[in-house]
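Below is one structure, written out as structure tokens; the observations come after it.
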Amino acid sequence: MSDYGVLLQQVVNGLSLGAMYALLALGFTLVYGILELINFAHFNVFMVSSFVGMWALEFLGISGQSRVLTGYVLAGTLLFAFAVTMLAAGVLGVVIERLSLRPLRGVPGTAAMITTIGVSYVLFNIILLTVGAGSANYPNPLPVVRWQFGEVTFELKGDARNGARC
């Protein structure tokens with residue numbers, strides 16, 4: 001790969017990582033703006049939701065990069081996974097608010113913020129104990145997609161031979 005290709009790949013990597021950081025920062029801002037509380041469990045809710053999405057896809061029989069879907073089957077699969085993931089994140093957020101933050105609503109100081117650090121550790125360790133510390137391939141039912149920019153080709157592979165990579 002030429003220097004131009006490496007530079008372009010790093011720009012794409014930086015933009016996608018920056019978009020994720022921006023999304024999480026927006027969540028922090030919204031929570032702080034409404035509750036006036038910095039919720040350190042915010043990232044762990046996203047982590048738990050990611051695992052719920054993976055389990056939803058595995059429930060449908062999609063694990064790793066074993067099956068490539070197209071058309072209505074792909075749309076239905078992704079809608080199911082998104083709906084289950086969003087529902088789980090919402091329910092987890094409500095449970096955290098009701099059990100750990102609401103009782104501390106009138107307490108001055110940093111007690112609520114420190115509580116969210118504890119909730120963060122609890123969520124992290126629950127996932128660590130149930131899933132383990134090993135890595136897992138996130139299910140990718142998407143077909144191969146190619147974008148051509150001059151002499152550089154970006155390819156998102158979703159087939160069983162190549163795995164999901166950009």
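Letters A, B, ... mark the chains of the structure tokens in the order given; residue numbers begin at 1 per chain; ligand numbers begin at 1, in order shown.
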Residue neighbourhood segment 96-109 of chain A, 12 Å, only C-alpha atoms, exclusion window fewer than 6 positions, as a list of chain:residue names: A:Val31, A:Leu35, A:Glu36, A:Leu37, A:Ile38, A:Asn39, A:Phe40, A:Ala41, A:His42, A:Asn44, A:Val45, A:Ala89, A:Gly90, A:Thr115, A:Thr116, A:Ile117, A:Gly118, A:Val119, A:Ser120, A:Val122, A:Leu123
Using only C-alpha atoms, what does the table of segment 63-134 of chain A residues within 9 Å of segment 47-55 of chain A look like, with each row giving the shortest atom pair and its distance in Å to one decimal, sorted by chain and ascending number, as JSON lines?
{"residue": "A:Ser63", "atom": "CA", "partner": "A:Met54", "partner_atom": "CA", "distance": 8.2}
{"residue": "A:Ala81", "atom": "CA", "partner": "A:Gly53", "partner_atom": "CA", "distance": 5.5}
{"residue": "A:Phe82", "atom": "CA", "partner": "A:Gly53", "partner_atom": "CA", "distance": 7.0}
{"residue": "A:Ala83", "atom": "CA", "partner": "A:Gly53", "partner_atom": "CA", "distance": 9.0}
{"residue": "A:Val84", "atom": "CA", "partner": "A:Gly53", "partner_atom": "CA", "distance": 6.8}
{"residue": "A:Thr85", "atom": "CA", "partner": "A:Gly53", "partner_atom": "CA", "distance": 5.1}
{"residue": "A:Met86", "atom": "CA", "partner": "A:Ser49", "partner_atom": "CA", "distance": 7.4}
{"residue": "A:Leu87", "atom": "CA", "partner": "A:Ser49", "partner_atom": "CA", "distance": 9.0}
{"residue": "A:Ala88", "atom": "CA", "partner": "A:Ser49", "partner_atom": "CA", "distance": 6.4}
{"residue": "A:Ala89", "atom": "CA", "partner": "A:Ser49", "partner_atom": "CA", "distance": 5.5}
{"residue": "A:Leu92", "atom": "CA", "partner": "A:Ser49", "partner_atom": "CA", "distance": 8.8}
{"residue": "A:Leu123", "atom": "CA", "partner": "A:Val48", "partner_atom": "CA", "distance": 7.5}
{"residue": "A:Phe124", "atom": "CA", "partner": "A:Val48", "partner_atom": "CA", "distance": 8.2}
{"residue": "A:Ile127", "atom": "CA", "partner": "A:Val48", "partner_atom": "CA", "distance": 7.1}
{"residue": "A:Val131", "atom": "CA", "partner": "A:Phe51", "partner_atom": "CA", "distance": 9.0}
Writing out the chosen residues with C-alpha atoms as a PDB file, in the first residue's frame:
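To be explicit, this is the file written out as again.pdb:
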ATOM      1  CA  SER A  63     -21.928 -15.662  14.972  1.00  0.00           C
ATOM      2  CA  ALA A  81     -30.585  -6.296  16.860  1.00  0.00           C
ATOM      3  CA  PHE A  82     -30.928  -2.491  17.072  1.00  0.00           C
ATOM      4  CA  ALA A  83     -34.302  -2.698  18.832  1.00  0.00           C
ATOM      5  CA  VAL A  84     -33.090  -5.235  21.394  1.00  0.00           C
ATOM      6  CA  THR A  85     -29.892  -3.271  21.999  1.00  0.00           C
ATOM      7  CA  MET A  86     -31.682   0.077  22.439  1.00  0.00           C
ATOM      8  CA  LEU A  87     -34.286  -1.471  24.720  1.00  0.00           C
ATOM      9  CA  ALA A  88     -31.586  -3.078  26.872  1.00  0.00           C
ATOM     10  CA  ALA A  89     -29.627   0.191  27.112  1.00  0.00           C
ATOM     11  CA  LEU A  92     -30.290  -0.529  32.137  1.00  0.00           C
ATOM     12  CA  LEU A 123     -21.208  -3.495  35.283  1.00  0.00           C
ATOM     13  CA  PHE A 124     -17.670  -4.092  34.074  1.00  0.00           C
ATOM     14  CA  ILE A 127     -19.546  -8.690  31.976  1.00  0.00           C
ATOM     15  CA  VAL A 131     -18.247 -13.409  29.197  1.00  0.00           C
TER      16      VAL A 131
END
In Å and to one decimal, atom CA of Ala133 of chain A is distant from atom CA of Tyr121 of chain A by 14.9 Å
Restricting the calculation to only C-alpha atoms, which member of A:Leu8, A:Leu78, A:Leu24, A:Val73 is positioned closest to Ala56 of chain A?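 Checking each of A:Leu8, A:Leu78, A:Leu24, A:Val73 against Ala56 of chain A, counting only C-alpha atoms, the winner is A:Leu78.
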Based on DSSP run over this structure's backbone, return all residues of chain A in strand (DSSP E or B), as a list in words.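 Those residues are Val145, Arg146, Trp147, Gln148, Phe149, Val152, Thr153, Phe154, Glu155 and Leu156 of chain A.
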Keeping N, CA and C atoms, export the residues of the selection given above as a short mmCIF file (atom, residue, chain, number, x, y, z; two decimals), in the first residue's frame.
data_model
loop_
_atom_site.label_atom_id
_atom_site.label_comp_id
_atom_site.auth_asym_id
_atom_site.auth_seq_id
_atom_site.Cartn_x
_atom_site.Cartn_y
_atom_site.Cartn_z
N VAL A 145 -18.54 -4.59 0.69
CA VAL A 145 -18.80 -3.28 0.09
C VAL A 145 -17.46 -2.66 -0.26
N ARG A 146 -17.35 -2.08 -1.45
CA ARG A 146 -16.10 -1.47 -1.90
C ARG A 146 -16.33 -0.01 -2.30
N TRP A 147 -15.36 0.84 -1.89
CA TRP A 147 -15.35 2.23 -2.32
C TRP A 147 -14.01 2.49 -2.98
N GLN A 148 -14.03 3.11 -4.16
CA GLN A 148 -12.80 3.39 -4.90
C GLN A 148 -12.55 4.89 -4.89
N PHE A 149 -11.38 5.30 -4.39
CA PHE A 149 -10.96 6.70 -4.39
C PHE A 149 -9.61 6.77 -5.10
N VAL A 152 -6.83 4.11 -4.43
CA VAL A 152 -7.06 3.49 -3.13
C VAL A 152 -8.45 2.87 -3.10
N THR A 153 -8.54 1.62 -2.66
CA THR A 153 -9.81 0.92 -2.54
C THR A 153 -10.07 0.61 -1.08
N PHE A 154 -11.23 1.07 -0.57
CA PHE A 154 -11.66 0.71 0.77
C PHE A 154 -12.64 -0.44 0.63
N GLU A 155 -12.38 -1.49 1.38
CA GLU A 155 -13.21 -2.68 1.26
C GLU A 155 -13.65 -3.14 2.64
N LEU A 156 -14.94 -3.22 2.83
CA LEU A 156 -15.50 -3.76 4.07
C LEU A 156 -15.94 -5.17 3.76
#
Record the distance separating atom CA of Gly150 of chain A and atom CA of Leu15 of chain A, expressed in Å with one decimal.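 Value for the atom CA of Gly150 of chain A-atom CA of Leu15 of chain A distance: 19.6 Å.
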